[in-house]
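The next block holds one structure in the form of structure tokens; read it before the comments.
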Amino acid sequence: LAEDQNSSPSTDTTMLTLLQLLSAGLMPAPCQVGSRGGAPRMLLSEHNQRAERPSAGRPMVERHSAPLMPLRDYVRKEDPEFTLISTELLSQLLGTALSPSVAKPLPPLRNRYFGLRHGQSEPNLTGVISSDPAVGTVEHGLTPLGRLQSRRVGTLLVDLVGRESLSDIFFYSSDFTRALETAQEASNAVANILAFEQGLQSDEELPPGLREGVRYTSLLRERFFGEIDGTSLMNYNHVWPRDLVSASHREFGVEPVEEVVERVRQFVTEMEQTHKGQCIVLVSHADTLQIAQTYIAGTDPRTFSLYRFTNAEVREFHQNVQSLPMPSPM
């Protein structure tokens with residue numbers, strides 16, 4: 001199938017489904033079983049048996065075809081173990097060259113970092129990819145549900161950060177509309193909780209991070225998805241398997257994982273120079289936050305797609321692999 005560069009959309013969909021099944025370990029392929037009691041990592045070892053390398057024909061981007069069945073519908077949820085094919089085999093199947101991340105690890109951090117994904121947005125609701133800054137920074141804000149989610153997450157942040165640390169909280173957001181609106185709603189919610197519990201009479205009595213409001217930066221913006229921007233969300237399935245193989249690929253004109261890692265590294269470095277012993281909330285987007293979490297945790301950033309953020313989900317980032325959530329299929 002991969003050798004036919006003139007294949008039809010249905011053929012390309014079939015090929016991608018086969019690759020998804022292989023990635024989940026639900027078809028015969030050289031594989032190993034993930035260990036219990038810890039976050040399994042993508043295998044980076046070579047296999048003794050090498051498959052014939054297919055041509056690097058690009059799959060057709062789906063715009064109006066029926067969506068693929070999510071991998072979670074194939075996986076047996078009662079089985080706590082799952083299999084992973086090697087990165088090399090996936091590389092051969094996709095025709096994408098292996099390219100691990102070369103980013104330098106971060107030094108021990110002196111601040112705490114929290115990742116907050118934006119609430120439900122208009123593009124989430126319509127099912128399209130919105131990654132172009134020319135559009136995302138002026139349009140594509142939150143839905144009414146997204147605003148409600150962003151207010152409610154304030155309570156989760158108070159518990160996660162700890163009431164004793166709220167005087168040290170600072171919100172930094174992507175400059176995309178949906179992230180900024182989320183940061184503003186969440187920051188206001190935290191300020192309202194603090195004001196109520198401490199009997200504050202004016203905004204001037206709030207801690208500096210809440211009094212000054214949300215700060216925004218392009219370093220936290222959405223990963224750019226090139227040719228598939230503005231198309232169906234299902235087209236992520238053409239990119240994420242390649243991300244598992246290569247941190248530097250630019251298929252479909254997407255921003256490489258490695259460049260997102262560099263943005264995250266630059267942001268964290270700036271925060272470490274500006275703050276000390278404080279709580280930094282990064283309000284951003286799924287891919288950006290997942291890449292940030294894997295990089296900060298010290299694991300392979302190419303595996304980021306296994307640690308999906310849902311809308312208005314918040315997590316604390318730690319510098320250890322054990323802090324990662326259990327991986328889930330793409």
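Within each chain, counting starts at residue 1; across the structure tokens, chains are named A, B, ... in the order shown, with ligands numbered 1 upward in that order.
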List every residue of stretch 123-320 of chain A that DSSP, applied to the backbone of this structure, assigns to helix (DSSP H, G or I), and report them as a compact mmCIF listing (two decimals) with N, CA, C and O atoms, in the first residue's frame.
# COMPACT_ATOMS: atom_id res chain seq x y z
N PRO A 123 -12.81 26.15 17.53
CA PRO A 123 -12.29 25.12 16.63
C PRO A 123 -12.48 23.70 17.19
O PRO A 123 -12.67 22.76 16.41
N ASN A 124 -12.40 23.52 18.52
CA ASN A 124 -12.69 22.21 19.09
C ASN A 124 -14.10 21.79 18.74
O ASN A 124 -14.36 20.62 18.41
N LEU A 125 -15.01 22.73 18.81
CA LEU A 125 -16.42 22.42 18.57
C LEU A 125 -16.69 22.11 17.11
O LEU A 125 -17.47 21.20 16.79
N THR A 126 -16.03 22.83 16.21
CA THR A 126 -16.25 22.59 14.77
C THR A 126 -15.34 21.50 14.22
O THR A 126 -15.51 21.08 13.08
N PRO A 133 -1.05 31.64 13.62
CA PRO A 133 -1.11 32.80 14.51
C PRO A 133 -1.92 33.97 13.94
O PRO A 133 -2.53 34.72 14.70
N ALA A 134 -1.92 34.11 12.62
CA ALA A 134 -2.67 35.21 12.01
C ALA A 134 -4.16 35.09 12.28
O ALA A 134 -4.88 36.10 12.27
N VAL A 135 -4.62 33.87 12.52
CA VAL A 135 -6.03 33.63 12.83
C VAL A 135 -6.24 33.42 14.33
O VAL A 135 -7.09 34.04 14.95
N GLY A 136 -5.42 32.54 14.91
CA GLY A 136 -5.62 32.14 16.29
C GLY A 136 -5.44 33.24 17.31
O GLY A 136 -5.98 33.15 18.42
N PRO A 144 -19.05 29.02 25.27
CA PRO A 144 -19.59 29.22 26.62
C PRO A 144 -19.17 28.11 27.59
O PRO A 144 -18.84 28.37 28.75
N LEU A 145 -19.15 26.85 27.10
CA LEU A 145 -18.69 25.75 27.94
C LEU A 145 -17.22 25.93 28.29
O LEU A 145 -16.79 25.68 29.42
N GLY A 146 -16.43 26.37 27.32
CA GLY A 146 -15.01 26.58 27.56
C GLY A 146 -14.75 27.63 28.63
O GLY A 146 -13.84 27.48 29.45
N ARG A 147 -15.55 28.68 28.65
CA ARG A 147 -15.41 29.71 29.69
C ARG A 147 -15.77 29.12 31.06
O ARG A 147 -15.10 29.41 32.06
N LEU A 148 -16.83 28.32 31.10
CA LEU A 148 -17.22 27.69 32.36
C LEU A 148 -16.12 26.75 32.85
O LEU A 148 -15.78 26.75 34.05
N GLN A 149 -15.56 25.96 31.96
CA GLN A 149 -14.46 25.05 32.32
C GLN A 149 -13.28 25.84 32.89
O GLN A 149 -12.64 25.42 33.87
N SER A 150 -13.00 26.98 32.27
CA SER A 150 -11.84 27.78 32.69
C SER A 150 -12.06 28.41 34.06
O SER A 150 -11.10 28.61 34.81
N ARG A 151 -13.30 28.75 34.39
CA ARG A 151 -13.59 29.27 35.73
C ARG A 151 -13.48 28.15 36.76
O ARG A 151 -12.92 28.35 37.84
N ARG A 152 -14.02 27.01 36.41
CA ARG A 152 -14.01 25.88 37.36
C ARG A 152 -12.60 25.40 37.67
O ARG A 152 -12.34 24.92 38.77
N VAL A 153 -11.69 25.51 36.71
CA VAL A 153 -10.34 25.02 36.93
C VAL A 153 -9.63 25.85 37.99
O VAL A 153 -8.62 25.43 38.56
N GLY A 154 -10.15 27.06 38.29
CA GLY A 154 -9.57 27.87 39.35
C GLY A 154 -9.53 27.12 40.67
O GLY A 154 -8.54 27.19 41.42
N THR A 155 -10.61 26.40 40.98
CA THR A 155 -10.66 25.62 42.22
C THR A 155 -9.60 24.52 42.21
O THR A 155 -8.93 24.27 43.23
N LEU A 156 -9.42 23.86 41.06
CA LEU A 156 -8.40 22.81 40.95
C LEU A 156 -7.00 23.39 41.14
O LEU A 156 -6.14 22.78 41.76
N LEU A 157 -6.78 24.58 40.59
CA LEU A 157 -5.48 25.22 40.73
C LEU A 157 -5.18 25.56 42.18
O LEU A 157 -4.05 25.38 42.66
N VAL A 158 -6.18 26.07 42.89
CA VAL A 158 -6.00 26.41 44.30
C VAL A 158 -5.55 25.17 45.08
O VAL A 158 -4.63 25.23 45.91
N ASP A 159 -6.20 24.03 44.80
CA ASP A 159 -5.85 22.80 45.51
C ASP A 159 -4.48 22.27 45.08
O ASP A 159 -3.71 21.78 45.91
N LEU A 160 -4.18 22.36 43.78
CA LEU A 160 -2.93 21.81 43.26
C LEU A 160 -1.73 22.66 43.69
O LEU A 160 -0.69 22.13 44.11
N VAL A 161 -1.87 23.96 43.58
CA VAL A 161 -0.79 24.87 43.97
C VAL A 161 -0.65 24.90 45.49
O VAL A 161 0.46 24.93 46.03
N ARG A 163 -3.03 26.52 49.01
CA ARG A 163 -3.41 27.86 49.46
C ARG A 163 -2.24 28.65 50.02
O ARG A 163 -2.17 29.87 49.88
N GLU A 164 -1.31 27.95 50.61
CA GLU A 164 -0.16 28.63 51.19
C GLU A 164 0.78 29.21 50.13
O GLU A 164 1.65 30.04 50.44
N SER A 165 0.59 28.80 48.87
CA SER A 165 1.48 29.25 47.79
C SER A 165 0.79 30.20 46.82
O SER A 165 1.41 30.61 45.83
N LEU A 166 -0.45 30.57 47.08
CA LEU A 166 -1.18 31.42 46.14
C LEU A 166 -0.58 32.82 46.03
O LEU A 166 -0.78 33.51 45.01
N SER A 167 0.14 33.24 47.04
CA SER A 167 0.78 34.56 46.96
C SER A 167 1.93 34.56 45.97
O SER A 167 2.45 35.63 45.61
N ASP A 168 2.33 33.37 45.51
CA ASP A 168 3.46 33.25 44.59
C ASP A 168 3.04 32.79 43.20
O ASP A 168 3.88 32.36 42.40
N THR A 177 -6.07 33.48 21.19
CA THR A 177 -7.26 33.96 21.88
C THR A 177 -7.81 32.96 22.88
O THR A 177 -8.14 33.32 24.03
N ARG A 178 -7.90 31.69 22.49
CA ARG A 178 -8.51 30.70 23.36
C ARG A 178 -7.69 30.47 24.63
O ARG A 178 -8.25 30.20 25.70
N ALA A 179 -6.38 30.59 24.53
CA ALA A 179 -5.53 30.44 25.70
C ALA A 179 -5.60 31.66 26.60
O ALA A 179 -5.71 31.55 27.84
N LEU A 180 -5.57 32.86 26.01
CA LEU A 180 -5.67 34.08 26.80
C LEU A 180 -6.98 34.15 27.56
O LEU A 180 -7.00 34.52 28.75
N GLU A 181 -8.07 33.82 26.90
CA GLU A 181 -9.38 33.84 27.58
C GLU A 181 -9.41 32.84 28.73
O GLU A 181 -9.99 33.11 29.79
N THR A 182 -8.80 31.67 28.52
CA THR A 182 -8.73 30.66 29.58
C THR A 182 -7.92 31.19 30.76
O THR A 182 -8.33 31.06 31.92
N ALA A 183 -6.77 31.79 30.48
CA ALA A 183 -5.91 32.31 31.54
C ALA A 183 -6.62 33.40 32.33
O ALA A 183 -6.52 33.44 33.57
N GLN A 184 -7.33 34.26 31.64
CA GLN A 184 -8.04 35.35 32.32
C GLN A 184 -9.15 34.81 33.21
O GLN A 184 -9.31 35.25 34.36
N GLU A 185 -9.91 33.85 32.71
CA GLU A 185 -10.99 33.27 33.51
C GLU A 185 -10.43 32.54 34.73
O GLU A 185 -10.94 32.68 35.85
N ALA A 186 -9.39 31.75 34.52
CA ALA A 186 -8.81 30.97 35.62
C ALA A 186 -8.16 31.88 36.65
O ALA A 186 -8.30 31.68 37.87
N SER A 187 -7.43 32.89 36.19
CA SER A 187 -6.78 33.83 37.10
C SER A 187 -7.81 34.59 37.93
O SER A 187 -7.64 34.76 39.16
N ASN A 188 -8.88 35.04 37.29
CA ASN A 188 -9.95 35.74 38.02
C ASN A 188 -10.60 34.83 39.05
O ASN A 188 -10.94 35.26 40.16
N ALA A 189 -10.78 33.55 38.68
CA ALA A 189 -11.40 32.60 39.61
C ALA A 189 -10.52 32.40 40.84
O ALA A 189 -11.02 32.39 41.98
N VAL A 190 -9.21 32.25 40.64
CA VAL A 190 -8.29 32.09 41.76
C VAL A 190 -8.30 33.35 42.63
O VAL A 190 -8.33 33.26 43.88
N ALA A 191 -8.30 34.53 42.01
CA ALA A 191 -8.33 35.80 42.76
C ALA A 191 -9.61 35.91 43.58
O ALA A 191 -9.58 36.36 44.74
N ASN A 192 -10.74 35.51 43.00
CA ASN A 192 -12.03 35.59 43.71
C ASN A 192 -12.04 34.65 44.91
O ASN A 192 -12.57 35.00 45.98
N ILE A 193 -11.50 33.45 44.75
CA ILE A 193 -11.43 32.50 45.86
C ILE A 193 -10.57 33.07 46.98
O ILE A 193 -10.93 33.03 48.17
N LEU A 194 -9.42 33.61 46.61
CA LEU A 194 -8.50 34.16 47.60
C LEU A 194 -9.12 35.35 48.32
O LEU A 194 -9.02 35.48 49.55
N ALA A 195 -9.77 36.23 47.56
CA ALA A 195 -10.41 37.41 48.15
C ALA A 195 -11.52 37.01 49.12
O ALA A 195 -11.65 37.59 50.21
N PHE A 196 -12.29 36.01 48.77
CA PHE A 196 -13.38 35.57 49.63
C PHE A 196 -12.84 34.94 50.91
O PHE A 196 -13.30 35.26 52.01
N GLU A 197 -11.86 34.04 50.75
CA GLU A 197 -11.36 33.31 51.92
C GLU A 197 -10.57 34.21 52.87
O GLU A 197 -10.54 33.97 54.08
N GLN A 198 -9.93 35.24 52.33
CA GLN A 198 -9.11 36.11 53.18
C GLN A 198 -9.78 37.44 53.49
O GLN A 198 -9.19 38.29 54.17
N ASP A 203 -8.71 44.89 44.83
CA ASP A 203 -7.70 44.19 44.03
C ASP A 203 -6.29 44.54 44.47
O ASP A 203 -5.35 43.75 44.27
N GLU A 204 -6.11 45.72 45.07
CA GLU A 204 -4.79 46.13 45.51
C GLU A 204 -4.23 45.24 46.60
O GLU A 204 -3.02 45.21 46.84
N GLU A 205 -5.12 44.50 47.28
CA GLU A 205 -4.68 43.61 48.35
C GLU A 205 -4.28 42.23 47.82
O GLU A 205 -3.77 41.40 48.58
N PRO A 208 0.97 40.01 43.95
CA PRO A 208 1.39 40.65 42.69
C PRO A 208 0.99 39.88 41.43
O PRO A 208 0.54 40.48 40.46
N GLY A 209 1.16 38.56 41.46
CA GLY A 209 0.86 37.78 40.26
C GLY A 209 -0.60 37.84 39.84
O GLY A 209 -0.91 37.79 38.64
N LEU A 210 -1.49 37.95 40.80
CA LEU A 210 -2.92 38.05 40.49
C LEU A 210 -3.33 39.50 40.25
O LEU A 210 -4.22 39.78 39.45
N ARG A 211 -2.69 40.42 40.93
CA ARG A 211 -3.02 41.84 40.76
C ARG A 211 -2.58 42.34 39.38
O ARG A 211 -3.28 43.13 38.75
N SER A 218 4.54 34.57 22.81
CA SER A 218 4.46 33.70 21.63
C SER A 218 5.19 32.38 21.85
O SER A 218 4.99 31.43 21.09
N LEU A 219 6.02 32.30 22.90
CA LEU A 219 6.75 31.06 23.15
C LEU A 219 5.82 29.92 23.54
O LEU A 219 6.20 28.75 23.42
N LEU A 220 4.62 30.24 24.02
CA LEU A 220 3.67 29.21 24.45
C LEU A 220 2.56 28.96 23.45
O LEU A 220 1.62 28.21 23.74
N GLY A 226 1.05 23.74 9.52
CA GLY A 226 1.30 23.86 8.10
C GLY A 226 0.11 23.61 7.20
O GLY A 226 -0.95 24.22 7.34
N GLU A 227 0.28 22.65 6.27
CA GLU A 227 -0.73 22.38 5.26
C GLU A 227 -2.04 21.86 5.83
O GLU A 227 -3.09 21.98 5.19
N ILE A 228 -2.01 21.24 7.00
CA ILE A 228 -3.25 20.68 7.54
C ILE A 228 -3.95 21.65 8.48
O ILE A 228 -5.00 21.32 9.04
N LEU A 233 -9.63 17.71 12.50
CA LEU A 233 -8.78 17.29 13.61
C LEU A 233 -8.21 15.89 13.39
O LEU A 233 -7.15 15.55 13.93
N MET A 234 -8.90 15.06 12.61
CA MET A 234 -8.42 13.71 12.37
C MET A 234 -7.09 13.68 11.62
O MET A 234 -6.39 12.68 11.64
N ASN A 235 -6.73 14.79 10.99
CA ASN A 235 -5.47 14.82 10.27
C ASN A 235 -4.25 14.88 11.19
O ASN A 235 -3.11 14.72 10.73
N TYR A 236 -4.48 15.08 12.50
CA TYR A 236 -3.38 14.92 13.45
C TYR A 236 -2.79 13.51 13.32
O TYR A 236 -1.60 13.30 13.60
N ASN A 237 -3.62 12.55 12.93
CA ASN A 237 -3.18 11.16 12.83
C ASN A 237 -2.13 10.95 11.73
O ASN A 237 -1.50 9.89 11.68
N HIS A 238 -1.97 11.92 10.83
CA HIS A 238 -0.90 11.85 9.84
C HIS A 238 0.41 12.36 10.40
O HIS A 238 1.47 12.10 9.83
N TRP A 240 1.25 12.73 14.20
CA TRP A 240 1.73 12.19 15.48
C TRP A 240 2.54 10.90 15.34
O TRP A 240 3.54 10.75 16.05
N PRO A 241 2.16 9.95 14.46
CA PRO A 241 3.02 8.77 14.31
C PRO A 241 4.43 9.15 13.83
O PRO A 241 5.42 8.55 14.25
N ARG A 242 4.53 10.14 12.96
CA ARG A 242 5.85 10.58 12.49
C ARG A 242 6.62 11.27 13.62
O ARG A 242 7.85 11.21 13.66
N ASP A 243 5.90 11.95 14.51
CA ASP A 243 6.56 12.58 15.66
C ASP A 243 7.23 11.54 16.55
O ASP A 243 8.26 11.82 17.17
N LEU A 244 6.64 10.34 16.64
CA LEU A 244 7.24 9.28 17.46
C LEU A 244 8.59 8.83 16.91
O LEU A 244 9.42 8.29 17.64
N VAL A 245 8.78 9.07 15.62
CA VAL A 245 10.01 8.65 14.94
C VAL A 245 11.03 9.79 14.89
O VAL A 245 12.21 9.60 15.15
N GLU A 251 7.03 17.12 7.80
CA GLU A 251 5.99 16.63 6.89
C GLU A 251 4.77 17.56 6.96
O GLU A 251 4.37 17.98 8.04
N PHE A 252 4.20 17.86 5.80
CA PHE A 252 3.03 18.74 5.68
C PHE A 252 3.34 20.16 6.14
O PHE A 252 2.43 20.95 6.37
N GLY A 253 4.60 20.49 6.30
CA GLY A 253 4.96 21.84 6.74
C GLY A 253 4.74 22.10 8.21
O GLY A 253 4.67 23.27 8.63
N VAL A 257 8.86 18.94 16.41
CA VAL A 257 8.84 18.80 17.86
C VAL A 257 10.04 19.53 18.47
O VAL A 257 9.92 20.20 19.50
N GLU A 258 11.19 19.39 17.84
CA GLU A 258 12.42 19.99 18.36
C GLU A 258 12.31 21.50 18.49
O GLU A 258 12.88 22.09 19.42
N GLU A 259 11.60 22.14 17.56
CA GLU A 259 11.45 23.59 17.64
C GLU A 259 10.51 23.99 18.78
O GLU A 259 10.69 25.05 19.40
N VAL A 260 9.50 23.17 19.04
CA VAL A 260 8.62 23.43 20.18
C VAL A 260 9.41 23.26 21.48
O VAL A 260 9.27 24.06 22.42
N VAL A 261 10.25 22.22 21.54
CA VAL A 261 11.11 22.02 22.71
C VAL A 261 11.98 23.26 22.94
O VAL A 261 12.14 23.72 24.08
N GLU A 262 12.52 23.82 21.89
CA GLU A 262 13.37 24.99 22.02
C GLU A 262 12.57 26.18 22.55
O GLU A 262 13.07 26.96 23.37
N ARG A 263 11.33 26.34 22.11
CA ARG A 263 10.49 27.42 22.63
C ARG A 263 10.26 27.23 24.13
O ARG A 263 10.31 28.19 24.92
N VAL A 264 9.96 25.99 24.52
CA VAL A 264 9.73 25.69 25.93
C VAL A 264 11.00 25.95 26.75
O VAL A 264 10.94 26.55 27.83
N ARG A 265 12.13 25.50 26.23
CA ARG A 265 13.40 25.71 26.94
C ARG A 265 13.67 27.20 27.14
O ARG A 265 14.08 27.63 28.22
N GLN A 266 13.41 27.98 26.10
CA GLN A 266 13.63 29.43 26.20
C GLN A 266 12.70 30.05 27.23
O GLN A 266 13.12 30.89 28.04
N PHE A 267 11.43 29.62 27.23
CA PHE A 267 10.47 30.17 28.19
C PHE A 267 10.88 29.83 29.63
O PHE A 267 10.91 30.71 30.49
N VAL A 268 11.20 28.57 29.88
CA VAL A 268 11.57 28.15 31.24
C VAL A 268 12.84 28.87 31.69
O VAL A 268 12.94 29.30 32.86
N THR A 269 13.78 29.02 30.79
CA THR A 269 15.01 29.73 31.13
C THR A 269 14.72 31.17 31.55
O THR A 269 15.28 31.68 32.54
N GLU A 270 13.82 31.83 30.82
CA GLU A 270 13.44 33.20 31.18
C GLU A 270 12.75 33.24 32.54
O GLU A 270 12.98 34.16 33.34
N MET A 271 11.89 32.26 32.81
CA MET A 271 11.19 32.22 34.09
C MET A 271 12.17 32.00 35.24
O MET A 271 12.02 32.58 36.32
N GLU A 272 13.16 31.15 35.01
CA GLU A 272 14.14 30.87 36.06
C GLU A 272 14.99 32.11 36.36
O GLU A 272 15.47 32.27 37.49
N GLN A 273 15.15 32.98 35.39
CA GLN A 273 15.90 34.22 35.60
C GLN A 273 15.03 35.30 36.26
O GLN A 273 15.55 36.16 36.97
N THR A 274 13.71 35.23 36.02
CA THR A 274 12.80 36.27 36.50
C THR A 274 12.22 35.96 37.87
O THR A 274 12.00 36.87 38.68
N ALA A 286 -2.52 21.68 23.63
CA ALA A 286 -2.22 20.27 23.95
C ALA A 286 -0.81 19.86 23.55
O ALA A 286 -0.03 19.39 24.37
N ASP A 287 -0.46 20.00 22.26
CA ASP A 287 0.86 19.54 21.83
C ASP A 287 1.98 20.29 22.55
O ASP A 287 2.96 19.70 23.00
N THR A 288 1.83 21.60 22.68
CA THR A 288 2.86 22.40 23.33
C THR A 288 3.06 21.97 24.77
O THR A 288 4.20 21.80 25.25
N LEU A 289 1.96 21.75 25.50
CA LEU A 289 2.05 21.36 26.91
C LEU A 289 2.60 19.95 27.07
O LEU A 289 3.39 19.67 27.98
N GLN A 290 2.19 19.05 26.18
CA GLN A 290 2.67 17.66 26.28
C GLN A 290 4.16 17.58 25.96
O GLN A 290 4.90 16.85 26.61
N ILE A 291 4.60 18.33 24.97
CA ILE A 291 6.02 18.39 24.66
C ILE A 291 6.77 19.00 25.84
O ILE A 291 7.84 18.53 26.23
N ALA A 292 6.20 20.05 26.43
CA ALA A 292 6.83 20.68 27.60
C ALA A 292 6.94 19.70 28.75
O ALA A 292 7.98 19.61 29.42
N GLN A 293 5.87 18.94 29.00
CA GLN A 293 5.90 18.02 30.14
C GLN A 293 6.93 16.91 29.95
O GLN A 293 7.67 16.57 30.88
N THR A 294 6.99 16.34 28.76
CA THR A 294 7.97 15.27 28.53
C THR A 294 9.39 15.81 28.61
O THR A 294 10.29 15.16 29.16
N TYR A 295 9.61 17.00 28.08
CA TYR A 295 10.95 17.59 28.11
C TYR A 295 11.37 17.90 29.55
O TYR A 295 12.48 17.55 29.97
N ILE A 296 10.49 18.53 30.32
CA ILE A 296 10.82 18.86 31.71
C ILE A 296 11.03 17.58 32.52
O ILE A 296 11.90 17.52 33.39
N ALA A 297 10.25 16.54 32.23
CA ALA A 297 10.37 15.28 32.97
C ALA A 297 11.64 14.53 32.62
O ALA A 297 12.01 13.58 33.33
N PRO A 301 10.97 13.63 24.14
CA PRO A 301 9.84 14.48 23.73
C PRO A 301 9.03 13.91 22.57
O PRO A 301 7.88 14.30 22.38
N ARG A 302 9.62 12.97 21.80
CA ARG A 302 8.88 12.38 20.69
C ARG A 302 7.66 11.58 21.17
O ARG A 302 6.74 11.34 20.39
N THR A 303 7.64 11.21 22.43
CA THR A 303 6.52 10.40 22.95
C THR A 303 5.37 11.26 23.47
O THR A 303 4.44 10.74 24.06
N PHE A 304 5.41 12.57 23.23
CA PHE A 304 4.45 13.48 23.84
C PHE A 304 3.00 13.12 23.56
O PHE A 304 2.11 13.35 24.39
N SER A 305 2.72 12.57 22.38
CA SER A 305 1.32 12.31 21.99
C SER A 305 0.68 11.22 22.83
O SER A 305 -0.54 11.01 22.75
N LEU A 306 1.46 10.51 23.63
CA LEU A 306 0.91 9.47 24.51
C LEU A 306 0.35 10.04 25.80
O LEU A 306 -0.24 9.31 26.59
**Request:** DSSP on the backbone, then: every residue of stretch 107-327 of chain A marked strand (DSSP E or B), written as a PyMOL selection string.
**Result:** chain A and resi 112-117+121+128+142+169-174+215-217+232+246+279-284+314-317
Would you mind exporting C-alpha atoms of the selected residues as a PDB file, in the first residue's frame?
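Output file selection37.pdb follows:
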ATOM      1  CA  ARG A 112       7.168  25.118  40.283  1.00  0.00           C
ATOM      2  CA  TYR A 113       5.508  24.794  36.875  1.00  0.00           C
ATOM      3  CA  PHE A 114       1.887  23.970  36.063  1.00  0.00           C
ATOM      4  CA  GLY A 115       0.457  23.275  32.602  1.00  0.00           C
ATOM      5  CA  LEU A 116      -3.132  24.341  31.880  1.00  0.00           C
ATOM      6  CA  ARG A 117      -4.726  23.596  28.531  1.00  0.00           C
ATOM      7  CA  SER A 121     -12.725  26.446  21.909  1.00  0.00           C
ATOM      8  CA  VAL A 128     -10.839  21.902  12.743  1.00  0.00           C
ATOM      9  CA  LEU A 142     -13.692  29.887  23.909  1.00  0.00           C
ATOM     10  CA  ILE A 169       1.279  32.347  41.586  1.00  0.00           C
ATOM     11  CA  PHE A 170       1.833  33.902  38.145  1.00  0.00           C
ATOM     12  CA  PHE A 171      -0.093  33.229  34.930  1.00  0.00           C
ATOM     13  CA  TYR A 172       1.682  33.143  31.561  1.00  0.00           C
ATOM     14  CA  SER A 173      -0.347  32.430  28.437  1.00  0.00           C
ATOM     15  CA  SER A 174      -0.016  31.701  24.774  1.00  0.00           C
ATOM     16  CA  ARG A 215       1.139  37.919  30.840  1.00  0.00           C
ATOM     17  CA  TYR A 216       1.313  36.460  27.346  1.00  0.00           C
ATOM     18  CA  THR A 217       4.080  35.218  25.084  1.00  0.00           C
ATOM     19  CA  SER A 232     -10.171  18.110  10.170  1.00  0.00           C
ATOM     20  CA  SER A 246      11.466  12.078  14.291  1.00  0.00           C
ATOM     21  CA  CYS A 279       4.391  28.988  40.917  1.00  0.00           C
ATOM     22  CA  ILE A 280       4.263  29.529  37.163  1.00  0.00           C
ATOM     23  CA  VAL A 281       1.070  28.535  35.321  1.00  0.00           C
ATOM     24  CA  LEU A 282       1.608  27.925  31.593  1.00  0.00           C
ATOM     25  CA  VAL A 283      -1.716  28.336  29.771  1.00  0.00           C
ATOM     26  CA  SER A 284      -1.252  26.806  26.364  1.00  0.00           C
ATOM     27  CA  VAL A 314      -4.141  21.198  34.693  1.00  0.00           C
ATOM     28  CA  ARG A 315      -1.036  19.256  35.736  1.00  0.00           C
ATOM     29  CA  GLU A 316       2.075  20.052  37.720  1.00  0.00           C
ATOM     30  CA  PHE A 317       5.300  19.415  35.824  1.00  0.00           C
TER      31      PHE A 317
END
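In this structure, atom CA of A:His118 sits 11.2 Å away from atom CA of A:Arg221.
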**Message:** Using Å and a single decimal, report how far atom CA of A:Gly119 sits from atom CA of A:Gly141.
**Reply:** 9.3 Å
**Request:** Skip stretch 106-111 of chain A itself and residues of its chain fewer than 3 positions away, then list as a ChimeraX atom specification all residues within 6 Å of it, counting only C-alpha atoms.
**Result:** /A:276-278
**Request:** Tell me, in Å to one decimal, how far atom CA of A:Ala97 is from atom CA of A:Gln322.
**Result:** 29.0 Å
